[in-house]
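K.L.:
My file is my_file_32.pdb. It has PDB, C-alpha atoms and all ligand atoms:
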ATOM      1  CA  MET G 125     -25.249   2.452  -8.266
ATOM      2  CA  VAL G 126     -21.676   2.441  -6.955
ATOM      3  CA  THR G 127     -20.872   3.660  -3.427
ATOM      4  CA  LEU G 128     -17.251   4.121  -2.372
ATOM      5  CA  VAL G 129     -16.398   3.796   1.314
ATOM      6  CA  ARG G 130     -12.939   4.559   2.717
ATOM      7  CA  THR G 131     -13.365   3.604   6.383
ATOM      8  CA  THR G 132     -14.507   0.498   8.238
ATOM      9  CA  GLN G 133     -16.952   2.601  10.254
ATOM     10  CA  GLU G 134     -18.750   3.686   7.053
ATOM     11  CA  LEU G 135     -18.700   0.111   5.791
ATOM     12  CA  ASN G 136     -20.166  -1.238   9.022
ATOM     13  CA  ASP G 137     -22.913   1.414   8.955
ATOM     14  CA  ILE G 138     -23.983   0.401   5.440
ATOM     15  CA  ARG G 139     -23.579  -3.349   5.980
ATOM     16  CA  SER G 140     -25.577  -3.368   9.225
ATOM     17  CA  LYS G 141     -28.594  -1.889   7.384
ATOM     18  CA  GLU G 142     -28.417  -4.429   4.529
ATOM     19  CA  THR G 143     -31.047  -7.170   4.711
ATOM     20  CA  ARG G 144     -30.457  -8.782   1.315
ATOM     21  CA  PRO G 145     -27.866 -11.538   0.761
ATOM     22  CA  VAL G 146     -24.519 -10.154  -0.308
ATOM     23  CA  GLY G 147     -22.042 -11.282  -2.977
ATOM     24  CA  PHE G 148     -18.414 -10.344  -2.357
ATOM     25  CA  VAL G 149     -15.406  -9.812  -4.626
ATOM     26  CA  PRO G 150     -12.079  -9.255  -2.819
ATOM     27  CA  THR G 151      -9.270  -7.653  -4.873
ATOM     28  CA  MET G 152      -6.070  -5.687  -4.504
ATOM     29  CA  GLY G 153      -7.215  -3.237  -7.184
ATOM     30  CA  ASN G 154      -5.542  -2.275 -10.464
ATOM     31  CA  LEU G 155      -8.470  -4.002 -12.043
ATOM     32  CA  HIS G 156      -8.405  -5.878 -15.326
ATOM     33  CA  GLN G 157     -10.933  -8.043 -17.146
ATOM     34  CA  GLY G 158     -10.211 -10.942 -14.780
ATOM     35  CA  HIS G 159     -11.527  -8.917 -11.820
ATOM     36  CA  ILE G 160     -14.377  -7.538 -13.907
ATOM     37  CA  SER G 161     -15.474 -11.094 -14.783
ATOM     38  CA  LEU G 162     -15.786 -11.816 -11.032
ATOM     39  CA  LEU G 163     -17.889  -8.700 -10.484
ATOM     40  CA  GLU G 164     -20.040  -9.485 -13.497
ATOM     41  CA  ARG G 165     -20.781 -12.972 -12.185
ATOM     42  CA  ALA G 166     -21.541 -11.586  -8.704
ATOM     43  CA  LEU G 167     -23.901  -8.985 -10.203
ATOM     44  CA  THR G 168     -25.793 -11.667 -12.102
ATOM     45  CA  GLU G 169     -26.361 -13.533  -8.818
ATOM     46  CA  TYR G 170     -26.893 -10.784  -6.212
ATOM     47  CA  GLU G 171     -28.813  -7.503  -5.908
ATOM     48  CA  VAL G 172     -25.962  -6.079  -3.890
ATOM     49  CA  VAL G 173     -22.268  -6.801  -4.286
ATOM     50  CA  TYR G 174     -19.477  -5.731  -1.944
ATOM     51  CA  PHE G 175     -16.134  -5.225  -3.656
ATOM     52  CA  SER G 176     -12.896  -4.631  -1.758
ATOM     53  CA  ILE G 177      -9.775  -2.917  -3.055
ATOM     54  CA  PHE G 178      -6.995  -3.374  -0.537
ATOM     55  CA  VAL G 179      -3.288  -4.037  -1.101
ATOM     56  CA  ASN G 180      -2.801  -6.326   1.862
ATOM     57  CA  PRO G 181       0.645  -5.845   3.454
ATOM     58  CA  LYS G 182       0.403  -9.180   5.287
ATOM     59  CA  GLN G 183       0.684 -11.236   2.096
ATOM     60  CA  PHE G 184       3.901  -9.621   0.788
ATOM     61  CA  GLY G 185       7.359 -10.808   1.845
ATOM     62  CA  PRO G 186      10.006  -8.274   2.931
ATOM     63  CA  ASN G 187      11.674  -8.188  -0.529
ATOM     64  CA  GLU G 188       8.470  -8.278  -2.565
ATOM     65  CA  ASP G 189       6.636  -5.578  -4.534
ATOM     66  CA  PHE G 190       4.279  -4.189  -1.830
ATOM     67  CA  ASN G 191       5.502  -0.602  -2.327
ATOM     68  CA  ARG G 192       5.420  -0.619  -6.113
ATOM     69  CA  TYR G 193       2.182  -2.662  -6.452
ATOM     70  CA  PRO G 194       0.009  -0.474  -8.743
ATOM     71  CA  ARG G 195      -2.637   1.545  -6.889
ATOM     72  CA  THR G 196      -5.140   3.012  -9.361
ATOM     73  CA  LEU G 197      -8.342   3.697  -7.410
ATOM     74  CA  GLU G 198      -9.838   6.279  -9.789
ATOM     75  CA  GLN G 199      -9.326   4.076 -12.837
ATOM     76  CA  ASP G 200     -10.727   1.081 -10.888
ATOM     77  CA  ILE G 201     -13.891   2.960  -9.904
ATOM     78  CA  ASN G 202     -14.407   3.989 -13.554
ATOM     79  CA  LEU G 203     -14.193   0.359 -14.664
ATOM     80  CA  ILE G 204     -16.658  -0.715 -11.962
ATOM     81  CA  GLU G 205     -19.067   2.099 -12.930
ATOM     82  CA  GLU G 206     -18.783   1.144 -16.595
ATOM     83  CA  LEU G 207     -19.760  -2.472 -15.881
ATOM     84  CA  THR G 208     -22.486  -1.507 -13.422
ATOM     85  CA  LYS G 209     -24.281   0.493 -16.166
ATOM     86  CA  ARG G 210     -25.272  -2.896 -17.586
ATOM     87  CA  PHE G 211     -26.904  -3.752 -14.217
ATOM     88  CA  PRO G 212     -28.927  -0.560 -13.524
ATOM     89  CA  LYS G 213     -30.947  -2.088 -10.678
ATOM     90  CA  LYS G 214     -27.956  -3.477  -8.803
ATOM     91  CA  GLU G 215     -25.779  -1.930  -6.126
ATOM     92  CA  VAL G 216     -22.022  -2.147  -5.666
ATOM     93  CA  VAL G 217     -20.363  -1.055  -2.433
ATOM     94  CA  VAL G 218     -16.623  -0.557  -2.935
ATOM     95  CA  TYR G 219     -14.564  -0.750   0.241
ATOM     96  CA  SER G 220     -11.147   0.791  -0.325
ATOM     97  CA  PRO G 221      -9.690   1.476   3.132
ATOM     98  CA  LYS G 222      -7.374   4.469   3.342
ATOM     99  CA  ASP G 223      -5.086   2.745   5.796
ATOM    100  CA  PRO G 224      -4.256  -0.905   6.687
ATOM    101  CA  GLN G 225      -5.298  -0.012  10.277
ATOM    102  CA  GLU G 226      -8.882   0.120   9.011
ATOM    103  CA  VAL G 227      -8.715  -3.591   8.162
ATOM    104  CA  PHE G 228      -6.343  -4.688  10.907
ATOM    105  CA  PRO G 229      -6.931  -2.516  13.989
ATOM    106  CA  GLU G 230      -4.635  -3.288  16.924
ATOM    107  CA  SER G 231      -7.574  -4.826  18.776
ATOM    108  CA  LYS G 232      -7.857  -7.499  16.011
ATOM    109  CA  ASN G 233      -4.518  -9.223  16.306
ATOM    110  CA  GLN G 234      -5.590 -12.459  14.635
ATOM    111  CA  ASN G 235      -3.732 -14.764  12.272
ATOM    112  CA  VAL G 236      -5.331 -17.479  10.166
ATOM    113  CA  SER G 237      -3.187 -20.325   8.895
ATOM    114  CA  VAL G 238      -4.446 -23.160   6.704
ATOM    115  CA  LEU G 239      -2.007 -25.945   7.490
ATOM    116  CA  GLY G 240      -0.598 -28.148   4.728
ATOM    117  CA  LEU G 241      -1.902 -26.389   1.655
ATOM    118  CA  SER G 242      -0.175 -23.130   2.640
ATOM    119  CA  THR G 243       3.397 -24.363   2.806
ATOM    120  CA  MET G 244       3.801 -26.214  -0.496
ATOM    121  CA  LEU G 245       4.505 -24.858  -4.020
ATOM    122  CA  GLU G 246       3.834 -21.099  -3.909
ATOM    123  CA  GLY G 247       3.847 -21.188  -0.107
ATOM    124  CA  LYS G 248       7.311 -22.778  -0.058
ATOM    125  CA  ILE G 249       8.730 -20.015  -2.262
ATOM    126  CA  ARG G 250       6.805 -17.246  -0.448
ATOM    127  CA  PRO G 251       6.789 -18.298   3.231
ATOM    128  CA  GLY G 252       3.892 -16.696   5.114
ATOM    129  CA  HIS G 253       2.147 -15.566   1.915
ATOM    130  CA  PHE G 254      -0.941 -17.744   2.329
ATOM    131  CA  ASP G 255      -1.221 -16.911   6.042
ATOM    132  CA  GLY G 256      -1.397 -13.270   4.935
ATOM    133  CA  VAL G 257      -4.043 -14.124   2.338
ATOM    134  CA  ALA G 258      -6.129 -16.300   4.692
ATOM    135  CA  THR G 259      -5.915 -13.680   7.456
ATOM    136  CA  VAL G 260      -7.115 -10.811   5.262
ATOM    137  CA  VAL G 261      -9.834 -12.852   3.564
ATOM    138  CA  TYR G 262     -11.098 -14.069   6.959
ATOM    139  CA  ARG G 263     -11.175 -10.452   8.185
ATOM    140  CA  LEU G 264     -12.933  -9.250   5.019
ATOM    141  CA  PHE G 265     -15.480 -12.071   5.388
ATOM    142  CA  GLU G 266     -16.077 -10.878   8.976
ATOM    143  CA  LEU G 267     -16.778  -7.375   7.664
ATOM    144  CA  MET G 268     -18.798  -8.226   4.530
ATOM    145  CA  LYS G 269     -20.695 -11.272   5.840
ATOM    146  CA  PRO G 270     -21.196 -12.494   2.268
ATOM    147  CA  THR G 271     -23.299 -15.413   1.090
ATOM    148  CA  SER G 272     -20.920 -16.041  -1.836
ATOM    149  CA  ALA G 273     -17.382 -14.862  -2.573
ATOM    150  CA  TYR G 274     -15.669 -14.937  -5.968
ATOM    151  CA  PHE G 275     -12.021 -15.768  -6.674
ATOM    152  CA  GLY G 276     -10.084 -16.128  -9.924
ATOM    153  CA  LEU G 277      -8.657 -19.572 -10.615
ATOM    154  CA  LYS G 278      -5.405 -18.056 -11.880
ATOM    155  CA  ASP G 279      -4.370 -18.200  -8.237
ATOM    156  CA  PHE G 280      -5.482 -21.805  -7.985
ATOM    157  CA  GLN G 281      -3.604 -22.592  -4.764
ATOM    158  CA  GLN G 282      -5.066 -19.447  -3.155
ATOM    159  CA  TYR G 283      -8.546 -20.625  -4.169
ATOM    160  CA  LEU G 284      -7.933 -24.023  -2.518
ATOM    161  CA  VAL G 285      -6.559 -22.371   0.644
ATOM    162  CA  ILE G 286      -9.652 -20.152   0.982
ATOM    163  CA  ARG G 287     -11.997 -23.057   0.256
ATOM    164  CA  GLN G 288     -10.261 -25.108   2.960
ATOM    165  CA  MET G 289     -10.369 -22.211   5.446
ATOM    166  CA  VAL G 290     -14.108 -21.790   4.969
ATOM    167  CA  LYS G 291     -14.636 -25.533   5.371
ATOM    168  CA  ASP G 292     -12.417 -25.846   8.472
ATOM    169  CA  LEU G 293     -13.972 -22.819  10.195
ATOM    170  CA  GLN G 294     -17.480 -23.803   9.071
ATOM    171  CA  MET G 295     -18.125 -20.383   7.579
ATOM    172  CA  PRO G 296     -21.475 -20.368   5.728
ATOM    173  CA  ILE G 297     -19.975 -18.863   2.561
ATOM    174  CA  LYS G 298     -20.013 -20.312  -0.948
ATOM    175  CA  ILE G 299     -16.603 -19.967  -2.611
ATOM    176  CA  VAL G 300     -16.929 -19.539  -6.375
ATOM    177  CA  GLY G 301     -13.836 -20.141  -8.542
ATOM    178  CA  MET G 302     -13.903 -18.289 -11.850
ATOM    179  CA  PRO G 303     -12.029 -19.224 -15.047
ATOM    180  CA  ILE G 304      -8.730 -17.564 -15.943
ATOM    181  CA  ILE G 305      -9.125 -14.654 -18.373
ATOM    182  CA  ARG G 306      -6.333 -14.506 -20.958
ATOM    183  CA  GLU G 307      -5.000 -12.095 -23.531
ATOM    184  CA  ALA G 308      -5.743 -13.159 -27.126
ATOM    185  CA  GLU G 309      -2.387 -14.931 -27.413
ATOM    186  CA  GLY G 310      -2.785 -16.810 -24.147
ATOM    187  CA  LEU G 311      -1.025 -14.872 -21.357
ATOM    188  CA  ALA G 312      -3.130 -15.058 -18.182
ATOM    189  CA  LEU G 313      -4.225 -11.566 -17.093
ATOM    190  CA  SER G 314      -2.455 -10.275 -13.990
ATOM    191  CA  SER G 315      -1.817  -6.833 -12.539
ATOM    192  CA  ARG G 316       1.876  -7.769 -12.525
ATOM    193  CA  ASN G 317       1.967  -8.198 -16.359
ATOM    194  CA  GLN G 318       2.569  -4.466 -16.619
ATOM    195  CA  TYR G 319       6.029  -4.975 -15.100
ATOM    196  CA  LEU G 320       7.021  -6.877 -18.297
ATOM    197  CA  SER G 321       9.021  -5.374 -21.183
ATOM    198  CA  PRO G 322       7.669  -6.073 -24.706
ATOM    199  CA  GLU G 323      10.337  -8.811 -25.169
ATOM    200  CA  GLN G 324       9.456 -10.436 -21.838
ATOM    201  CA  LYS G 325       5.789 -10.299 -22.761
ATOM    202  CA  SER G 326       6.354 -12.163 -25.995
ATOM    203  CA  THR G 327       8.563 -14.761 -24.233
ATOM    204  CA  SER G 328       5.860 -15.216 -21.601
ATOM    205  CA  LEU G 329       3.572 -16.803 -24.192
ATOM    206  CA  LEU G 330       5.544 -20.005 -23.704
ATOM    207  CA  ILE G 331       3.783 -20.514 -20.334
ATOM    208  CA  SER G 332       0.238 -21.031 -21.625
ATOM    209  CA  ARG G 333       1.592 -22.882 -24.680
ATOM    210  CA  THR G 334       3.488 -25.272 -22.410
ATOM    211  CA  LEU G 335       0.353 -25.951 -20.341
ATOM    212  CA  LYS G 336      -1.533 -26.708 -23.542
ATOM    213  CA  GLU G 337       1.175 -29.093 -24.760
ATOM    214  CA  ILE G 338       1.262 -30.977 -21.465
ATOM    215  CA  THR G 339      -2.553 -31.178 -21.487
ATOM    216  CA  LYS G 340      -2.410 -32.556 -25.022
ATOM    217  CA  THR G 341       0.209 -35.124 -24.009
ATOM    218  CA  ILE G 342      -2.001 -36.333 -21.147
ATOM    219  CA  ASN G 343      -5.060 -36.409 -23.426
ATOM    220  CA  ASN G 344      -7.228 -37.229 -20.366
ATOM    221  CA  LYS G 345      -5.570 -40.662 -20.011
ATOM    222  CA  ARG G 346      -3.903 -41.944 -16.844
ATOM    223  CA  ALA G 347      -1.598 -44.073 -18.992
ATOM    224  CA  ASN G 348      -0.086 -40.895 -20.485
ATOM    225  CA  LEU G 349       0.861 -39.298 -17.150
ATOM    226  CA  SER G 350       4.357 -40.771 -17.101
ATOM    227  CA  GLN G 351       5.032 -39.509 -20.629
ATOM    228  CA  ALA G 352       3.828 -36.075 -19.506
ATOM    229  CA  GLN G 353       6.159 -36.272 -16.491
ATOM    230  CA  THR G 354       9.128 -37.070 -18.768
ATOM    231  CA  PHE G 355       8.167 -34.099 -20.961
ATOM    232  CA  ILE G 356       7.994 -31.824 -17.894
ATOM    233  CA  SER G 357      11.429 -33.033 -16.739
ATOM    234  CA  THR G 358      12.977 -31.954 -20.061
ATOM    235  CA  LEU G 359      11.230 -28.564 -19.858
ATOM    236  CA  LEU G 360      12.590 -28.021 -16.345
ATOM    237  CA  LYS G 361      16.105 -27.718 -17.812
ATOM    238  CA  ASP G 362      15.053 -24.094 -18.342
ATOM    239  CA  PRO G 363      15.920 -22.648 -14.881
ATOM    240  CA  ASN G 364      13.299 -19.909 -15.232
ATOM    241  CA  TRP G 365      10.566 -22.313 -14.215
ATOM    242  CA  ASN G 366      10.114 -21.757 -10.458
ATOM    243  CA  TYR G 367       7.955 -24.844 -10.714
ATOM    244  CA  LEU G 368       6.005 -26.788 -13.294
ATOM    245  CA  GLU G 369       4.174 -29.642 -11.650
ATOM    246  CA  MET G 370       1.235 -31.983 -11.955
ATOM    247  CA  ARG G 371      -0.699 -32.281  -8.687
ATOM    248  CA  ASP G 372      -4.047 -33.603  -7.501
ATOM    249  CA  ALA G 373      -6.543 -30.805  -8.163
ATOM    250  CA  GLU G 374      -8.363 -31.275  -4.816
ATOM    251  CA  THR G 375      -5.507 -31.725  -2.376
ATOM    252  CA  LEU G 376      -2.402 -30.619  -4.318
ATOM    253  CA  SER G 377      -0.883 -33.979  -3.358
ATOM    254  CA  GLU G 378       2.094 -35.074  -5.461
ATOM    255  CA  ASP G 379       0.584 -38.542  -5.648
ATOM    256  CA  ILE G 380      -1.660 -38.373  -8.699
ATOM    257  CA  SER G 381      -1.860 -42.130  -9.312
ATOM    258  CA  HIS G 382      -5.580 -42.195  -8.420
ATOM    259  CA  SER G 383      -6.538 -38.576  -9.127
ATOM    260  CA  LYS G 384      -9.698 -37.944 -11.118
ATOM    261  CA  GLN G 385      -8.683 -34.408 -11.836
ATOM    262  CA  ILE G 386      -5.170 -33.071 -11.875
ATOM    263  CA  THR G 387      -3.892 -29.532 -12.024
ATOM    264  CA  ILE G 388      -0.749 -28.444 -13.812
ATOM    265  CA  LEU G 389       0.708 -25.530 -11.870
ATOM    266  CA  ALA G 390       3.335 -23.285 -13.409
ATOM    267  CA  VAL G 391       5.385 -20.304 -12.310
ATOM    268  CA  TYR G 392       7.857 -18.796 -14.731
ATOM    269  CA  GLN G 393      10.405 -16.237 -13.600
ATOM    270  CA  MET G 394      10.662 -13.313 -15.986
ATOM    271  CA  GLY G 395      13.359 -11.025 -14.589
ATOM    272  CA  THR G 396      12.021  -9.967 -11.200
ATOM    273  CA  THR G 397       8.422 -10.842 -12.118
ATOM    274  CA  ARG G 398       6.942 -14.263 -11.382
ATOM    275  CA  LEU G 399       4.147 -15.274 -13.747
ATOM    276  CA  LEU G 400       1.597 -17.802 -12.462
ATOM    277  CA  ASP G 401      -0.586 -20.000 -14.595
ATOM    278  CA  ASN G 402      -2.360 -23.337 -14.297
ATOM    279  CA  THR G 403      -4.850 -25.610 -15.929
ATOM    280  CA  GLN G 404      -7.036 -28.502 -14.886
ATOM    281  CA  VAL G 405      -7.159 -31.881 -16.659
ATOM    282  CA  GLU G 406      -9.798 -34.588 -16.138
ATOM    283  CA  ILE G 407      -8.426 -38.122 -16.041
ATOM    284  CA  GLU G 408     -10.603 -40.906 -17.454
TER     285      GLU G 408
HETATM  286  O1  LIG F 501      -6.099 -12.461  -5.199
HETATM  287  C1  LIG F 501      -5.952 -11.344  -4.658
HETATM  288  O2  LIG F 501      -6.057 -10.286  -5.291
HETATM  289  C2  LIG F 501      -5.610 -11.276  -3.187
HETATM  290  O3  LIG F 501      -4.759 -12.308  -2.814
HETATM  291  C3  LIG F 501      -6.857 -11.231  -2.284
HETATM  292  C4  LIG F 501      -7.679 -12.484  -2.388
HETATM  293  C5  LIG F 501      -7.708 -10.026  -2.648
HETATM  294  C6  LIG F 501      -6.436 -11.081  -0.813
HETATM  295  O4  LIG F 501      -5.687  -9.926  -0.610
END
Just dump the structure as structure tokens.
P.N.:
Amino acid sequence: MVTLVRTTQELNDIRSKETRPVGFVPTMGNLHQGHISLLERALTEYEVVYFSIFVNPKQFGPNEDFNRYPRTLEQDINLIEELTKRFPKKEVVVYSPKDPQEVFPESKNQNVSVLGLSTMLEGKIRPGHFDGVATVVYRLFELMKPTSAYFGLKDFQQYLVIRQMVKDLQMPIKIVGMPIIREAEGLALSSRNQYLSPEQKSTSLLISRTLKEITKTINNKRANLSQAQTFISTLLKDPNWNYLEMRDAETLSEDISHSKQITILAVYQMGTTRLLDNTQVEIE
């Protein structure tokens, strides 16, 4: 069963009567299989799943795509209903607030900032972005009171920021990171892929291919990291890489000399669209 609520009052009424543990999937809507994989996992683990659809103004910069970000509530609800048919005994409560005031009333003038992790890489290019993400996720956690919350690893830095926030604030919530879902040829699914022209889409395949090549060069061996770094330096001659970096997968530190797991984080600029991707590599 899927219930759609459009106000925080309605949400609070339903949530206050719920006695079972709750799984939670936060999204900005325009759902694709990546989001659906999060909901599917949540439905396998919980009787009741809360699912938010909210394009959060706080995480967009002044010249970013807040206004044109695709809003497709009807289509999203259909996708959720389609999946939920496979879980006939489960319940999904979709919270899609009509107005940002529902989430951020004037009385709740709070800001959450995860220091360090929020100002490097993506945070350096999009100042304030992760404060906006942490603030809305904190607020949504306040409303949903979930036992577990599910995030896609495509936004790997976002996942680490949320994990750190929960740890720092001692919130009793399990943060589950879910694998990137890709198109058959490798492009990581994203709501922003629809901004791409057919030519840009075919060029974009180089991102996942590059991550694979770097992973192959490393071949899980610390001794190969410097060769991988040299390879990355040659790739960076293409100015469309906003960044392409190897970092420690726990801390995002640049010092990977002792890392057991590293992450390769990539952002490629395709016209006005920035495409994010990443992968994780174990080091023996
Ligand atoms: O990943 C997203 O879609 C958003 O950043 C999130 C976590 C829903 C917060 O607005």
K.L.:
Please evaluate the PyMOL selection byres (((chain G and resi 212) around 12) and not hetatm) against the structure above and give the resulting residues as number ranges by chain.
P.N.:
G: 125-126, 167-168, 171-172, 205-211, 213-216
K.L.:
Please, what is the axis-aligned box for every listed atom of ligand LIG 501 (chain F) with 6 Å on each side, as centre and edge lengths in Å to one decimal, as AutoDock Vina command-line options?
P.N.:
--center_x -6.2 --center_y -11.2 --center_z -3.0 --size_x 14.9 --size_y 14.6 --size_z 16.7
K.L.:
What's the separation between atom CA of G:Ser350 and atom CA of G:Phe280, in Å to one decimal place?
P.N.:
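We find that atom CA of G:Ser350 and atom CA of G:Phe280 lie 23.2 Å from each other.
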K.L.:
Please return as a ChimeraX atom specification the residues found within 8 Å of ligand LIG 501 (chain F), counting only C-alpha atoms and all ligand atoms.
P.N.:
/G:149-153,176-180,183,256-258,260-261,275-276,279,282
K.L.:
Name the residues that the PyMOL selection byres (((chain G and resi 325-340) around 10) and not hetatm) pulls out of this structure, and write them as a ChimeraX atom specification.
P.N.:
/G:306-307,309-312,317-324,341-344,348-349,351-353,355-356,359,365,368,370,387-394,399-406
K.L.:
Atom CA of G:Tyr219 to atom CA of G:Glu169: how many Å, to one decimal?
P.N.:
19.6 Å
K.L.:
Once the PyMOL selection byres (((chain G and resi 225) around 12) and not hetatm) is applied to the coordinates I shared, what remains selected? I want it as a ChimeraX atom specification.
P.N.:
/G:130-133,178,180-182,221-224,226-233
K.L.:
To one decimal place, how far is atom CA of G:Gln199 from atom CA of G:Ala273 in Å?
P.N.:
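Separating atom CA of G:Gln199 from atom CA of G:Ala273 is a distance of 23.0 Å.
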K.L.:
Restricting the calculation to all atoms listed in the file, which member of G:Tyr367, G:His253, G:Gly158, G:Glu374 is positioned closest to G:Pro186?
P.N.:
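Comparing G:Tyr367, G:His253, G:Gly158, G:Glu374 against G:Pro186, the winner is G:His253.
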K.L.:
May I ask which of the residues G:Leu197, G:Val173, G:Leu128, G:Leu241 is the closest one to G:Leu155, counting all atoms listed in the file?
P.N.:
G:Leu197
K.L.:
Could you name the residues that touch G:Pro270 at 9 Å or less, counting only C-alpha atoms, but leaving out those on the same chain fewer than 5 positions away, as a PyMOL selection string?
P.N.:
chain G and resi 145-148+173-174+265+296-298
K.L.:
For G:Thr196, which of G:Leu277, G:Ser315, G:Arg165, G:Arg139 is the closest residue, counting only C-alpha atoms?
P.N.:
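Nearest candidate to G:Thr196 out of G:Leu277, G:Ser315, G:Arg165, G:Arg139: G:Ser315.
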K.L.:
Nearest residue to G:Thr243 out of G:Val285, G:Ile380, G:Ala347, G:Ile138, using all atoms listed in the file?
P.N.:
G:Val285
K.L.:
Which residue is closest to G:Ile304? Choose from G:Arg371, G:Arg316, G:His156, G:Lys278 and count all atoms listed in the file.
P.N.:
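Selected residue with least distance to G:Ile304: G:Lys278.
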K.L.:
Could you check which of G:Ser357, G:Ser383, G:Gln281, G:Thr396 is closest to G:Gly247, using only C-alpha atoms?
P.N.:
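Among the listed residues, the smallest separation from G:Gly247 belongs to G:Gln281.
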K.L.:
Some atoms are absent from stretch 219-235 of chain G, so rebuild N, CA and C atoms and return them as a PDB file, in the frame of the given file.
P.N.:
ATOM      1  N   TYR G 219     -15.285  -1.047  -1.005  1.00  0.00           N
ATOM      2  CA  TYR G 219     -14.564  -0.750   0.241  1.00  0.00           C
ATOM      3  C   TYR G 219     -13.081  -0.644  -0.089  1.00  0.00           C
ATOM      4  N   SER G 220     -12.569   0.577  -0.040  1.00  0.00           N
ATOM      5  CA  SER G 220     -11.147   0.791  -0.325  1.00  0.00           C
ATOM      6  C   SER G 220     -10.545   1.540   0.860  1.00  0.00           C
ATOM      7  N   PRO G 221     -10.141   0.816   1.901  1.00  0.00           N
ATOM      8  CA  PRO G 221      -9.690   1.476   3.132  1.00  0.00           C
ATOM      9  C   PRO G 221      -8.453   2.331   2.886  1.00  0.00           C
ATOM     10  N   LYS G 222      -8.459   3.500   3.531  1.00  0.00           N
ATOM     11  CA  LYS G 222      -7.374   4.469   3.342  1.00  0.00           C
ATOM     12  C   LYS G 222      -6.080   3.962   3.956  1.00  0.00           C
ATOM     13  N   ASP G 223      -6.228   3.116   4.968  1.00  0.00           N
ATOM     14  CA  ASP G 223      -5.086   2.745   5.796  1.00  0.00           C
ATOM     15  C   ASP G 223      -5.233   1.274   6.222  1.00  0.00           C
ATOM     16  N   PRO G 224      -4.152   0.500   6.239  1.00  0.00           N
ATOM     17  CA  PRO G 224      -4.256  -0.905   6.687  1.00  0.00           C
ATOM     18  C   PRO G 224      -4.855  -1.046   8.086  1.00  0.00           C
ATOM     19  N   GLN G 225      -4.712   0.001   8.918  1.00  0.00           N
ATOM     20  CA  GLN G 225      -5.298  -0.012  10.277  1.00  0.00           C
ATOM     21  C   GLN G 225      -6.811  -0.190  10.245  1.00  0.00           C
ATOM     22  N   GLU G 226      -7.423   0.257   9.152  1.00  0.00           N
ATOM     23  CA  GLU G 226      -8.882   0.120   9.011  1.00  0.00           C
ATOM     24  C   GLU G 226      -9.269  -1.362   8.977  1.00  0.00           C
ATOM     25  N   VAL G 227      -8.428  -2.157   8.304  1.00  0.00           N
ATOM     26  CA  VAL G 227      -8.715  -3.591   8.162  1.00  0.00           C
ATOM     27  C   VAL G 227      -8.189  -4.355   9.379  1.00  0.00           C
ATOM     28  N   PHE G 228      -6.984  -3.983   9.795  1.00  0.00           N
ATOM     29  CA  PHE G 228      -6.343  -4.688  10.907  1.00  0.00           C
ATOM     30  C   PHE G 228      -6.108  -3.738  12.082  1.00  0.00           C
ATOM     31  N   PRO G 229      -7.158  -3.362  12.817  1.00  0.00           N
ATOM     32  CA  PRO G 229      -6.931  -2.516  13.989  1.00  0.00           C
ATOM     33  C   PRO G 229      -6.152  -3.304  15.048  1.00  0.00           C
ATOM     34  N   GLU G 230      -5.459  -2.590  15.932  1.00  0.00           N
ATOM     35  CA  GLU G 230      -4.635  -3.288  16.924  1.00  0.00           C
ATOM     36  C   GLU G 230      -5.439  -4.269  17.769  1.00  0.00           C
ATOM     37  N   SER G 231      -6.722  -3.956  17.957  1.00  0.00           N
ATOM     38  CA  SER G 231      -7.574  -4.826  18.776  1.00  0.00           C
ATOM     39  C   SER G 231      -7.841  -6.179  18.086  1.00  0.00           C
ATOM     40  N   LYS G 232      -7.575  -6.262  16.771  1.00  0.00           N
ATOM     41  CA  LYS G 232      -7.857  -7.499  16.011  1.00  0.00           C
ATOM     42  C   LYS G 232      -6.546  -8.158  15.624  1.00  0.00           C
ATOM     43  N   ASN G 233      -5.838  -8.672  16.596  1.00  0.00           N
ATOM     44  CA  ASN G 233      -4.518  -9.223  16.306  1.00  0.00           C
ATOM     45  C   ASN G 233      -4.644 -10.717  16.006  1.00  0.00           C
ATOM     46  N   GLN G 234      -5.374 -11.046  14.922  1.00  0.00           N
ATOM     47  CA  GLN G 234      -5.590 -12.459  14.635  1.00  0.00           C
ATOM     48  C   GLN G 234      -4.755 -12.907  13.443  1.00  0.00           C
ATOM     49  N   ASN G 235      -4.462 -14.200  13.397  1.00  0.00           N
ATOM     50  CA  ASN G 235      -3.732 -14.764  12.272  1.00  0.00           C
ATOM     51  C   ASN G 235      -4.405 -16.076  11.898  1.00  0.00           C
TER      52      ASN G 235
END
